[in-house]
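Content type TSV, C-alpha atoms, from the file structure.tsv:
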```tsv
chain	number	residue	atom	x	y	z
A	1	MET	CA	-38.08	14.76	3.29
A	2	THR	CA	-34.44	14.07	2.41
A	3	LYS	CA	-32.47	11.56	4.40
A	4	GLU	CA	-28.72	12.08	4.57
A	5	VAL	CA	-26.76	8.88	4.01
A	6	GLN	CA	-23.45	8.55	5.77
A	7	SER	CA	-20.68	6.90	3.76
A	8	HIS	CA	-18.81	3.99	5.26
A	9	HIS	CA	-15.91	4.55	2.87
A	10	GLN	CA	-12.86	6.51	3.81
A	11	TYR	CA	-10.93	8.40	1.13
A	12	ILE	CA	-7.22	8.49	1.91
A	13	LYS	CA	-4.79	10.20	-0.45
A	14	VAL	CA	-1.14	9.16	-0.10
A	15	SER	CA	2.05	9.87	-1.98
A	16	GLY	CA	5.77	9.20	-1.80
A	17	THR	CA	7.82	6.04	-1.92
A	18	PRO	CA	6.04	2.72	-1.49
A	19	HIS	CA	7.05	2.62	2.18
A	20	GLU	CA	5.96	6.23	2.74
A	21	ARG	CA	2.59	5.57	1.07
A	22	GLY	CA	2.06	2.49	3.21
A	23	LEU	CA	3.08	4.30	6.39
A	24	ALA	CA	0.67	7.16	5.66
A	25	TYR	CA	-2.15	4.75	4.83
A	26	GLY	CA	-1.49	2.60	7.91
A	27	ARG	CA	-1.61	5.65	10.17
A	28	ALA	CA	-4.73	7.11	8.53
A	29	ALA	CA	-6.66	3.81	8.47
A	30	LYS	CA	-5.28	2.33	11.69
A	31	GLU	CA	-8.64	1.90	13.43
A	32	ARG	CA	-10.26	0.32	10.38
A	33	ILE	CA	-7.30	-1.96	9.80
A	34	HIS	CA	-7.50	-3.27	13.36
A	35	ARG	CA	-11.26	-3.79	13.05
A	36	VAL	CA	-10.89	-5.74	9.79
A	37	ILE	CA	-8.12	-7.88	11.27
A	38	GLU	CA	-10.40	-8.86	14.15
A	39	GLU	CA	-13.22	-9.68	11.73
A	40	TYR	CA	-10.91	-11.91	9.69
A	41	ARG	CA	-9.63	-13.67	12.81
A	42	VAL	CA	-13.21	-14.79	13.38
A	43	LEU	CA	-13.78	-15.70	9.73
A	44	PHE	CA	-10.62	-17.79	9.52
A	45	ASP	CA	-11.67	-19.63	12.66
A	46	LYS	CA	-15.37	-20.10	11.91
A	47	GLU	CA	-15.40	-20.46	8.11
A	48	ALA	CA	-12.03	-21.97	7.25
A	49	HIS	CA	-11.50	-23.73	10.60
A	50	MET	CA	-7.97	-22.36	10.57
A	51	SER	CA	-5.96	-20.86	13.41
A	52	TRP	CA	-4.42	-17.44	12.93
A	53	GLU	CA	-0.93	-18.99	13.18
A	54	THR	CA	-1.77	-21.51	10.43
A	55	ALA	CA	-3.12	-18.68	8.28
A	56	TYR	CA	0.19	-16.82	8.77
A	57	GLU	CA	2.10	-19.90	7.61
A	58	LYS	CA	-0.08	-20.30	4.51
A	59	ALA	CA	0.23	-16.60	3.61
A	60	ALA	CA	4.02	-16.68	4.02
A	61	VAL	CA	4.41	-18.71	0.81
A	62	TYR	CA	3.19	-15.67	-1.16
A	63	GLU	CA	5.81	-13.24	0.15
A	64	GLU	CA	8.71	-14.25	-2.09
A	65	PRO	CA	6.68	-14.43	-5.33
A	66	ILE	CA	5.24	-10.99	-4.59
A	67	ARG	CA	8.72	-9.67	-3.75
A	68	ALA	CA	10.13	-11.11	-7.00
A	69	TYR	CA	7.35	-9.64	-9.15
A	70	ARG	CA	6.52	-6.38	-7.32
A	71	PRO	CA	8.97	-5.57	-4.50
A	72	ASP	CA	7.27	-2.17	-4.15
A	73	LEU	CA	4.14	-3.94	-2.88
A	74	ILE	CA	6.13	-5.61	-0.11
A	75	GLU	CA	7.59	-2.21	0.84
A	76	GLU	CA	4.11	-0.68	0.89
A	77	MET	CA	2.74	-3.52	3.05
A	78	GLN	CA	5.67	-3.06	5.44
A	79	GLY	CA	4.78	0.62	5.69
A	80	ILE	CA	1.11	-0.18	6.31
A	81	ALA	CA	2.10	-2.59	9.08
A	82	GLU	CA	4.36	0.00	10.69
A	83	GLY	CA	1.77	2.77	10.40
A	84	ALA	CA	-1.05	0.63	11.79
A	85	GLY	CA	1.12	-0.86	14.54
A	86	VAL	CA	0.68	-4.47	13.44
A	87	ASP	CA	2.99	-7.27	12.39
A	88	PHE	CA	3.94	-7.39	8.68
A	89	ARG	CA	2.70	-10.99	8.61
A	90	THR	CA	-0.79	-9.72	9.40
A	91	ILE	CA	-0.81	-7.25	6.51
A	92	LEU	CA	0.56	-9.90	4.16
A	93	LEU	CA	-2.20	-12.25	5.31
A	94	MET	CA	-4.88	-9.60	4.78
A	95	ASN	CA	-3.62	-9.13	1.22
A	96	CYS	CA	-3.58	-12.89	0.58
A	97	ARG	CA	-6.72	-13.68	2.56
A	98	SER	CA	-8.74	-15.04	-0.35
A	99	GLU	CA	-5.93	-17.28	-1.54
A	100	VAL	CA	-5.42	-18.61	1.97
A	101	MET	CA	-9.02	-18.90	3.10
A	102	PHE	CA	-10.75	-20.04	-0.08
A	103	ALA	CA	-8.09	-22.61	-0.83
A	104	GLN	CA	-9.21	-24.11	2.48
A	105	ILE	CA	-12.91	-23.83	1.58
A	106	LYS	CA	-12.75	-25.52	-1.81
A	107	ASP	CA	-16.42	-25.12	-2.76
A	108	LYS	CA	-16.24	-21.30	-2.34
A	109	ALA	CA	-13.01	-20.71	-4.24
A	110	GLU	CA	-14.67	-18.96	-7.18
A	111	ASP	CA	-17.36	-17.01	-5.36
A	112	ALA	CA	-15.52	-13.74	-4.73
A	113	CYS	CA	-13.92	-11.06	-6.83
A	114	SER	CA	-13.27	-7.36	-6.33
A	115	VAL	CA	-11.92	-4.92	-8.88
A	116	ILE	CA	-10.94	-1.28	-8.46
A	117	GLY	CA	-9.85	0.89	-11.36
A	118	VAL	CA	-8.95	4.54	-11.72
A	119	PRO	CA	-9.57	5.76	-15.26
A	120	PRO	CA	-6.91	8.24	-16.49
A	121	GLU	CA	-9.58	10.82	-17.31
A	122	SER	CA	-11.05	10.78	-13.80
A	123	PRO	CA	-9.47	10.93	-10.34
A	124	ARG	CA	-12.42	8.96	-8.92
A	125	PRO	CA	-12.03	5.20	-8.67
A	126	THR	CA	-14.57	2.76	-10.04
A	127	ALA	CA	-15.13	-0.37	-8.00
A	128	ARG	CA	-17.09	-3.59	-8.24
A	129	SER	CA	-17.28	-6.44	-5.78
A	130	THR	CA	-18.97	-9.79	-6.07
A	131	SER	CA	-17.96	-10.93	-2.61
A	132	PRO	CA	-20.29	-13.60	-1.28
A	133	ARG	CA	-23.08	-12.72	1.11
A	134	PRO	CA	-25.04	-15.37	2.97
A	135	GLY	CA	-27.68	-16.87	0.70
A	136	THR	CA	-26.51	-15.15	-2.50
A	137	GLY	CA	-23.91	-17.61	-3.73
A	138	GLY	CA	-21.61	-14.65	-4.41
A	139	ARG	CA	-23.92	-13.07	-7.00
```
Give the structure from the file, written as structure tokens.
Amino acid sequence: MTKEVQSHHQYIKVSGTPHERGLAYGRAAKERIHRVIEEYRVLFDKEAHMSWETAYEKAAVYEEPIRAYRPDLIEEMQGIAEGAGVDFRTILLMNCRSEVMFAQIKDKAEDACSVIGVPPESPRPTARSTSPRPGTGGR
């Protein structure tokens, strides 16, 4: 007997300017984006003991360095925010969540890492995550 496994991953192909890519992604992933935001609201509160407003303030310090180094990423995040119908500050925070949260939880600062690469010879991405799970110490 073969059991069909349903994927929890969503493949979204976007193109265009950074803002256009972000807008398309935000629209296509809107429901998932909102769900993840709600999950992180809880995590920031329960794990980092940090209000959402404080998390916004801590993430804001990353905006200018990102803009100076890769302004296209700011444009893409602005597009994602617009497409998903959320505040830009929220998308910035989601992209800086580890820096903000784990700086607050000092003993967990090195427990998480995710990498995604797309080899030039293949259109399929390769991904690896060592995000912590309860009881695993991030391994």
Rank nothing, just name the residue among A:Leu93, A:Ala84, A:Met77, A:Ile66 nearest to Ala28 (chain A), using only C-alpha atoms.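 Using only C-alpha atoms, Ala28 (chain A) sits closest to A:Ala84.
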Which residues are close to Asp87 (chain A), i.e. within 12 Å by all atoms listed in the file, leaving aside same-chain residues fewer than 5 positions away? Reply as a PyMOL selection string. chain A and resi 26+33-34+37+56+77-82+92-94
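For Asp72 (chain A), the list of residues within 9 Å, based on all atoms listed in the file and with local chain neighbours fewer than 6 positions off taken out, reads Thr17, Pro18 and His19 of chain A.
Distances from A:Arg41, A:Arg97, A:Arg89, A:Arg27 to Ile74 (chain A) were compared using all atoms listed in the file, and the smallest one belongs to A:Arg89.
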Between CA of Cys96 (chain A) and CA of His8 (chain A), what is the distance in Å, rounded to a tenth?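 So the answer is 23.2 Å.
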Take CA of Ala59 (chain A) and CA of Glu99 (chain A) and report the distance between them in Å, one decimal.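 Computed distance, CA of Ala59 (chain A) to CA of Glu99 (chain A), equals 8.1 Å.
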Could you check how far CA of Glu76 (chain A) sits from CA of Glu47 (chain A), in Å to one decimal?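 If I compute the distance from CA of Glu76 (chain A) to CA of Glu47 (chain A), I get 28.7 Å.
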Minimum-distance residue to Lys13 (chain A), chosen among A:Ala29, A:Val36, A:Val100, A:Val42 (using all atoms listed in the file):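 Nearest candidate to Lys13 (chain A) out of A:Ala29, A:Val36, A:Val100, A:Val42: A:Ala29.
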Which residue of A:Ala60, A:Glu38, A:Gly16, A:Gly22 approaches Leu73 (chain A) most closely, using only C-alpha atoms: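 Ranking A:Ala60, A:Glu38, A:Gly16, A:Gly22 by distance to Leu73 (chain A), first place goes to A:Gly22.
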Measuring between only C-alpha atoms, which one of A:Phe88, A:Lys58, A:Glu64, A:Ser15 shows the shortest distance to Phe44 (chain A)? A:Lys58
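Environment of (-11.1, -24.0, 8.0): residues at most 12 Å away, judged by all atoms listed in the file, are Arg41, Val42, Leu43, Phe44, Asp45, Lys46, Glu47, Ala48, His49, Met50, Ser51, Trp52, Thr54, Ala55, Val100, Met101, Phe102, Ala103, Gln104, Ile105, Lys106 and Lys108 of chain A.
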Taking all atoms of region 87-90 of chain A that the file lists, what box with edges along x, y and z, padded by 3 Å per side, do you get, with centre and edge lengths in Å to one decimal, as lines of an AutoDock Vina configuration file?
```
center_x = 1.6
center_y = -9.1
center_z = 10.5
size_x = 10.7
size_y = 9.7
size_z = 9.8
```
Student task, region 20-55 of chain A output with C-alpha atoms as a short mmCIF file (atom, residue, chain, number, x, y, z; two decimals), in the first residue's frame:
```cif
data_model
loop_
_atom_site.label_atom_id
_atom_site.label_comp_id
_atom_site.auth_asym_id
_atom_site.auth_seq_id
_atom_site.Cartn_x
_atom_site.Cartn_y
_atom_site.Cartn_z
CA GLU A 20 7.24 43.48 -8.35
CA ARG A 21 8.76 40.20 -7.10
CA GLY A 22 7.87 41.08 -3.53
CA LEU A 23 4.34 42.12 -4.47
CA ALA A 24 3.77 38.86 -6.37
CA TYR A 25 5.19 36.80 -3.51
CA GLY A 26 3.18 38.69 -0.87
CA ARG A 27 -0.04 38.11 -2.79
CA ALA A 28 0.69 34.43 -3.48
CA ALA A 29 1.79 33.62 0.08
CA LYS A 30 -0.53 36.02 1.92
CA GLU A 31 -2.26 33.38 4.04
CA ARG A 32 1.01 31.73 5.05
CA ILE A 33 2.63 35.06 5.81
CA HIS A 34 -0.20 35.99 8.16
CA ARG A 35 -0.03 32.58 9.85
CA VAL A 36 3.74 32.86 10.40
CA ILE A 37 3.38 36.39 11.77
CA GLU A 38 0.89 35.14 14.36
CA GLU A 39 3.21 32.28 15.31
CA TYR A 40 6.10 34.70 15.80
CA ARG A 41 3.96 37.05 17.89
CA VAL A 42 3.55 34.18 20.33
CA LEU A 43 7.23 33.19 20.17
CA PHE A 44 8.45 36.71 20.81
CA ASP A 45 6.12 36.94 23.80
CA LYS A 46 6.69 33.48 25.30
CA GLU A 47 10.34 32.79 24.41
CA ALA A 48 11.97 36.22 24.26
CA HIS A 49 9.56 37.92 26.69
CA MET A 50 9.36 40.79 24.22
CA SER A 51 6.35 42.78 23.09
CA TRP A 52 5.66 43.07 19.38
CA GLU A 53 6.28 46.84 19.58
CA THR A 54 9.69 46.27 21.22
CA ALA A 55 10.53 43.72 18.53
#
```
